[in-house]
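With compact mmCIF, C-alpha atoms inside, this is data-v2.txt:
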# COMPACT_ATOMS: atom_id res chain seq x y z
CA MET J 123 151.74 50.00 -2.57
CA ASN J 124 151.00 46.61 -4.06
CA GLU J 125 147.33 45.68 -4.36
CA PHE J 126 147.78 42.49 -2.29
CA TRP J 127 148.65 44.59 0.76
CA ASN J 128 146.50 47.57 -0.15
CA ARG J 129 143.36 46.09 1.43
CA ARG J 130 141.82 46.02 4.89
CA THR J 131 143.50 42.89 6.21
CA CYS J 132 143.15 40.66 9.22
CA VAL J 133 146.39 38.80 9.98
CA ILE J 134 146.78 35.93 12.44
CA LEU J 135 150.42 35.06 13.16
CA THR J 136 151.63 32.29 15.49
CA GLY J 137 155.03 32.29 17.20
CA ALA J 138 155.15 36.09 17.10
CA SER J 139 157.20 36.77 20.25
CA LYS J 140 160.71 36.45 18.77
CA GLY J 141 162.84 35.53 15.77
CA ILE J 142 161.22 35.18 12.36
CA GLY J 143 157.69 35.61 13.77
CA GLN J 144 158.53 38.91 15.42
CA CYS J 145 160.32 40.26 12.36
CA LEU J 146 157.50 39.14 10.06
CA ALA J 147 154.91 40.85 12.27
CA VAL J 148 156.81 44.15 12.00
CA GLU J 149 157.42 43.88 8.23
CA ILE J 150 153.75 43.11 7.56
CA GLY J 151 152.63 45.75 10.06
CA LYS J 152 154.46 48.41 8.02
CA LEU J 153 152.38 47.53 4.94
CA LEU J 154 148.89 47.18 6.43
CA VAL J 155 146.37 49.88 5.58
CA SER J 156 144.37 51.64 8.25
CA GLU J 157 141.56 49.64 9.92
CA SER J 158 143.54 46.43 9.47
CA THR J 159 144.10 44.07 12.40
CA ILE J 160 147.03 41.88 13.34
CA ILE J 161 146.56 39.11 15.90
CA LEU J 162 149.75 37.85 17.50
CA THR J 163 150.01 34.56 19.40
CA ALA J 164 152.87 32.95 21.35
CA ARG J 165 153.52 31.63 24.83
CA ASP J 166 155.80 34.50 25.89
CA THR J 167 153.64 37.47 26.94
CA ASN J 168 156.63 39.83 27.29
CA GLY J 169 157.84 38.93 23.81
CA LEU J 170 154.38 39.56 22.38
CA GLU J 171 154.21 42.99 24.04
CA LYS J 172 157.63 43.83 22.61
CA THR J 173 156.45 42.82 19.12
CA LYS J 174 153.31 44.92 19.56
CA LYS J 175 155.39 48.01 20.47
CA MET J 176 157.66 47.45 17.48
CA ILE J 177 154.66 47.30 15.11
CA ASN J 178 152.99 50.34 16.72
CA LYS J 179 156.15 52.35 16.17
CA GLU J 180 155.93 51.60 12.42
CA ASN J 181 152.16 51.86 12.04
CA SER J 182 149.76 53.31 14.61
CA ASP J 183 146.69 53.04 12.34
CA ILE J 184 146.12 49.31 12.86
CA LEU J 185 144.69 47.25 15.69
CA ILE J 186 147.09 44.81 17.36
CA GLU J 187 145.80 42.02 19.61
CA CYS J 188 148.04 39.67 21.61
CA TYR J 189 147.09 36.22 22.89
CA SER J 190 149.34 34.13 25.10
CA VAL J 191 148.64 30.53 24.06
CA ASP J 192 150.24 27.16 24.66
CA LEU J 193 150.02 25.25 21.39
CA TYR J 194 151.04 22.05 23.17
CA ASN J 195 147.59 22.20 24.77
CA SER J 196 145.43 23.69 22.04
CA ASP J 197 142.03 22.74 20.69
CA ALA J 198 139.34 24.22 18.46
CA THR J 199 137.62 25.97 21.40
CA MET J 200 140.79 27.89 22.26
CA PHE J 201 141.18 29.12 18.68
CA GLU J 202 137.46 29.92 18.36
CA LYS J 203 137.75 32.28 21.35
CA ILE J 204 140.56 34.14 19.56
CA VAL J 205 138.67 34.61 16.28
CA GLU J 206 135.21 35.10 17.78
CA PRO J 207 135.48 38.91 18.39
CA ILE J 208 136.62 39.57 14.80
CA ASP J 209 134.02 41.24 12.60
CA SER J 210 134.63 39.30 9.40
CA THR J 211 132.58 41.72 7.27
CA LYS J 212 135.21 44.47 7.74
CA TYR J 213 138.08 42.86 5.86
CA GLU J 214 139.04 42.17 2.26
CA LEU J 215 141.91 39.79 3.04
CA PHE J 216 142.36 37.18 5.77
CA LEU J 217 145.96 36.06 6.21
CA LEU J 218 146.94 33.18 8.48
CA ILE J 219 150.67 32.55 9.02
CA HIS J 220 151.72 29.34 10.77
CA ASN J 221 155.16 30.25 12.09
CA ALA J 222 155.26 28.61 15.55
CA GLY J 223 157.25 25.39 15.75
CA SER J 224 159.92 23.47 17.63
CA ILE J 225 162.98 21.40 16.74
CA GLY J 226 162.16 18.33 18.85
CA ASN J 227 164.52 16.02 20.75
CA LEU J 228 167.98 16.23 19.17
CA ASN J 229 169.31 13.26 21.17
CA HIS J 230 167.25 10.73 19.22
CA LEU J 231 168.27 9.18 15.94
CA ALA J 232 165.38 7.77 13.90
CA ALA J 233 165.87 4.26 15.31
CA ASP J 234 165.42 5.62 18.87
CA MET J 235 162.15 7.46 18.26
CA ASN J 236 159.95 4.90 20.01
CA GLU J 237 157.95 6.92 22.53
CA PRO J 238 154.36 7.68 21.43
CA ASP J 239 154.06 10.35 24.16
CA GLU J 240 157.05 12.25 22.83
CA TRP J 241 155.72 11.93 19.27
CA ASN J 242 152.29 13.17 20.36
CA LYS J 243 153.75 16.15 22.20
CA TYR J 244 155.86 17.08 19.19
CA MET J 245 153.08 16.68 16.65
CA MET J 246 150.57 18.48 18.88
CA LEU J 247 152.58 21.69 18.52
CA ASN J 248 153.95 21.21 15.03
CA LEU J 249 151.05 19.60 13.16
CA TYR J 250 147.80 19.13 15.11
CA SER J 251 147.59 22.76 16.34
CA VAL J 252 148.25 23.88 12.76
CA THR J 253 145.46 21.79 11.23
CA CYS J 254 143.09 22.77 14.05
CA LEU J 255 143.71 26.54 13.75
CA THR J 256 143.41 26.28 9.95
CA SER J 257 140.02 24.58 10.31
CA VAL J 258 138.75 27.27 12.73
CA PHE J 259 140.12 30.03 10.47
CA LEU J 260 138.32 28.65 7.40
CA SER J 261 135.00 28.09 9.15
CA LYS J 262 135.02 31.59 10.71
CA PHE J 263 136.05 33.48 7.57
CA ASN J 264 133.86 31.71 5.06
CA SER J 265 132.60 34.63 2.96
CA ASP J 266 133.25 34.44 -0.78
CA THR J 267 134.04 38.14 -1.07
CA ALA J 268 137.31 38.23 0.92
CA GLU J 269 140.50 36.45 -0.11
CA LYS J 270 141.87 33.83 2.28
CA CYS J 271 145.62 33.31 2.27
CA ILE J 272 147.49 30.74 4.41
CA VAL J 273 151.27 30.67 4.78
CA ASN J 274 153.00 27.62 6.23
CA MET J 275 156.54 28.41 7.38
CA THR J 276 158.54 25.38 6.34
CA SER J 277 162.16 24.32 5.87
CA LEU J 278 164.55 22.55 3.54
CA LEU J 279 164.32 19.76 6.15
CA GLY J 280 160.73 19.15 5.07
CA ILE J 281 162.07 17.65 1.82
CA GLU J 282 165.69 16.73 2.69
CA PRO J 283 166.54 14.22 5.47
CA TYR J 284 169.12 15.28 8.04
CA LYS J 285 170.53 13.05 10.78
CA SER J 286 169.31 13.58 14.37
CA VAL J 287 166.51 16.00 13.46
CA GLY J 288 163.93 13.35 12.58
CA TYR J 289 161.12 14.95 14.54
CA TYR J 290 161.62 18.27 12.77
CA CYS J 291 161.94 16.66 9.30
CA VAL J 292 158.76 14.61 9.81
CA GLY J 293 156.85 17.58 11.28
CA LYS J 294 157.72 19.89 8.39
CA ALA J 295 157.06 17.22 5.74
CA SER J 296 153.65 16.36 7.19
CA ARG J 297 152.66 20.02 7.41
CA GLU J 298 153.56 20.59 3.77
CA MET J 299 151.53 17.58 2.67
CA PHE J 300 148.53 18.74 4.72
CA PHE J 301 148.57 22.09 2.91
CA ARG J 302 149.01 20.45 -0.50
CA VAL J 303 145.87 18.37 0.17
CA LEU J 304 144.01 21.45 1.47
CA ALA J 305 144.94 23.41 -1.68
CA LEU J 306 143.77 20.57 -3.92
CA GLU J 307 140.43 20.36 -2.10
CA ASN J 308 139.96 24.16 -1.99
CA PRO J 309 141.31 25.70 -5.20
CA THR J 310 140.04 29.20 -4.31
CA LEU J 311 142.38 29.41 -1.30
CA ASN J 312 145.78 31.07 -1.65
CA ILE J 313 148.20 28.67 0.09
CA LEU J 314 151.99 28.88 0.22
CA SER J 315 154.66 26.88 2.07
CA TYR J 316 157.64 29.20 2.49
CA SER J 317 161.11 28.13 3.55
CA PRO J 318 163.06 31.17 4.81
CA GLY J 319 166.43 29.42 4.44
CA PRO J 320 168.97 29.00 7.26
CA VAL J 321 168.20 32.02 9.45
CA MET J 322 170.30 32.47 12.61
CA THR J 323 167.53 31.87 15.16
CA ASP J 324 167.51 30.15 18.57
CA MET J 325 166.46 26.98 16.74
CA TYR J 326 169.45 27.09 14.39
CA THR J 327 171.84 27.67 17.29
CA ASN J 328 170.28 24.83 19.26
CA MET J 329 170.70 22.46 16.30
CA SER J 330 174.31 23.51 15.66
CA LEU J 331 175.29 23.02 19.33
CA ASN J 332 173.15 20.09 20.46
CA SER J 333 172.56 17.80 17.49
CA LYS J 334 173.54 14.20 18.29
CA ASP J 335 175.13 13.99 14.84
CA LYS J 336 178.69 15.35 14.80
CA ASP J 337 178.66 15.91 11.01
CA LEU J 338 175.57 18.10 11.23
CA ARG J 339 177.04 20.15 14.08
CA GLU J 340 180.21 20.72 12.06
CA GLN J 341 178.27 21.53 8.87
CA LEU J 342 176.07 24.14 10.57
CA THR J 343 179.05 25.92 12.17
CA SER J 344 181.43 25.66 9.18
CA GLU J 345 182.80 28.71 7.37
CA GLN J 346 181.36 27.39 4.13
CA GLN J 347 177.85 27.40 5.64
CA GLN J 348 178.13 31.09 6.55
CA GLN J 349 177.61 32.15 2.91
CA TYR J 350 174.13 30.56 2.99
CA ILE J 351 172.99 32.16 6.25
CA VAL J 352 170.03 34.47 5.65
CA LYS J 353 169.37 37.66 7.62
CA VAL J 354 165.99 37.46 9.33
CA GLU J 355 164.89 40.78 7.77
CA ASP J 356 165.78 39.53 4.27
CA ALA J 357 163.87 36.27 4.78
CA CYS J 358 160.76 38.18 5.91
CA GLN J 359 161.03 40.81 3.19
CA LYS J 360 161.21 38.11 0.54
CA LEU J 361 158.04 36.46 1.83
CA VAL J 362 156.19 39.80 1.81
CA ASN J 363 157.28 40.32 -1.83
CA ILE J 364 156.37 36.77 -2.89
CA LEU J 365 152.85 37.23 -1.50
CA ALA J 366 152.57 40.58 -3.30
CA MET J 367 153.63 39.13 -6.66
CA LYS J 368 151.60 35.92 -6.21
CA SER J 369 153.36 34.13 -9.07
CA TYR J 370 153.18 30.70 -7.40
CA LYS J 371 150.68 27.89 -7.70
CA THR J 372 148.51 27.51 -4.59
CA GLY J 373 149.77 24.69 -2.36
CA SER J 374 153.35 24.94 -3.65
CA ARG J 375 156.57 25.63 -1.75
CA ILE J 376 159.12 28.39 -2.30
CA ASP J 377 162.56 28.54 -0.69
CA TYR J 378 164.41 31.79 0.02
CA HIS J 379 167.29 30.61 -2.19
CA ASP J 380 165.03 29.73 -5.15
CA LYS J 381 165.67 31.94 -8.20

What's the structure tokens form of this structure?
Amino acid sequence: MNEFWNRRTCVILTGASKGIGQCLAVEIGKLLVSESTIILTARDTNGLEKTKKMINKENSDILIECYSVDLYNSDATMFEKIVEPIDSTKYELFLLIHNAGSIGNLNHLAADMNEPDEWNKYMMLNLYSVTCLTSVFLSKFNSDTAEKCIVNMTSLLGIEPYKSVGYYCVGKASREMFFRVLALENPTLNILSYSPGPVMTDMYTNMSLNSKDKDLREQLTSEQQQQYIVKVEDACQKLVNILAMKSYKTGSRIDYHDK
């Protein structure tokens, strides 16, 4: 087993009740050594329990904790309660994966995005909760002896504009920039923004059916697009391997389709 994963690890993973988050939890769970811990968060309690059972089936030697949280209404106190019981002296690696996110209102083109309340709600989940949890994570696990790794799940839409998904594009772009600044300020951290490619998730389906832009709907459902669709297991496996090889510069982004 690779030395990155061959350590007592504490993982915190958001959006772990379905899709990429669920698959990632299981793939990582397979690799964790005994006495490791994986903390799963999402709103859907049933989904979290399902993920927990799936991990347990693969690896019964690790501790799995589930927390039902609403990231639309999160603050530092909420995250502090989650990390408080963790004995930080036990672990050699702390891994935080920001996977939770939403697509935003697909009925608005950029010129229509004029409601501060809607912006605040969107950014609360997709940016503010991310920066807040990161801050709590870094202040709790502040020993110099354990490695701290942060993965930001991103998207091609963080660097390429697409019509009718302005909220999502802005959310992903701002998250990436936050982590680039964090990496610059903290060169000892291991930070990666990972784009899993176009995985067939609820979010992808929602975009392909409900985007206000006809061209985008047609592009996402076209036969040509099918060759670029990534299986969720492949996207997660690639991330696990990238972390193991660690051949990236901290703060950088890697896309599934990158060579």

Option closest in space to J:Gly373, from J:Val292, J:Ile272, J:Val321, J:Leu215 [counting only C-alpha atoms]:
J:Ile272

What gap, in Å, lies between atom CA of J:Glu157 and atom CA of J:Pro309?
28.3 Å

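Ranking J:Thr131, J:Thr256, J:Thr276, J:Ser344 by their shortest atom-to-atom distance to J:Ser156, with all atoms listed in the file included, puts J:Thr131 first.
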
Would you kindly return, as a ChimeraX atom specification, each protein, DNA or RNA residue with an atom no farther than 10 Å from any atom of J:Asp377, considering all atoms listed in the file and excluding same-chain residues fewer than 5 positions away?
/J:276-278,315-319,357,360-361

Please identify all polymer residues within 12 Å of J:Gly137, counting only C-alpha atoms, omitting same-chain residues fewer than 5 positions from it, and present them as a PyMOL selection string.
chain J and resi 142-147+161-167+169-170+173+188-193+218-224+247-248+252+275

Find the residues around stretch 149-151 of chain J up to 8 Å (all atoms listed in the file counted), leave out those fewer than 2 positions away in its own chain, and share them as a list in words.
Cys145, Leu146, Ala147, Leu153, Leu154, Ile160, Ile177, Glu180, Asn181, Ile184, Cys358, Gln359 and Val362 of chain J

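Residues within 12 Å of J:Arg129, counting all atoms listed in the file and excluding same-chain residues fewer than 5 positions away, are Met123, Asn124, Leu153, Leu154, Val155, Ser156, Glu157, Ser158, Thr159, Lys212, Tyr213, Glu214, Leu215, Phe216, Leu217, Ala268, Glu269 and Ala366 of chain J.
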
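Minimum distance to J:Met245 across J:Val303, J:Val148, J:Cys291, J:Met367 (counting all atoms listed in the file) occurs at J:Cys291.
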
Stretch 335-340 of chain J: which residues within 8 Å, counting all atoms listed in the file, same-chain residues fewer than 5 positions away excluded, as a list in words?
Tyr284, Lys285, Ser286, Met329 and Ser330 of chain J

Quick one: of J:Tyr326, J:Tyr289, J:Tyr244, J:Phe301, who's nearest to J:Thr343, counting all atoms listed in the file?
J:Tyr326

Take the point (158.2, 15.1, 8.4) in the file's coordinates, draw a sphere of radius 10 Å around it, and report as number ranges by chain every protein, DNA or RNA residue with an atom inside or on it, counting all atoms listed in the file.
J: 245, 248-249, 279-283, 287-299

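The space separating atom CA of J:Leu311 from atom CA of J:Val273 comes to 10.8 Å.
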
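Take atom CA of J:Lys353 and atom CA of J:Phe300: the distance between them is 28.3 Å.
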
Kindly provide, as AutoDock Vina command-line options, the centre and edge lengths (Å, one decimal) of an axis-aligned box around all atoms of stretch 305-322 of chain J given in the file, with 5 Å on each side.
--center_x 155.1 --center_y 26.4 --center_z 3.7 --size_x 40.3 --size_y 22.1 --size_z 27.8

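Checking J:Gln341, J:Lys152, J:Ala198, J:Ser210 one by one against J:Lys179, counting all atoms listed in the file, you find the shortest gap at J:Lys152.
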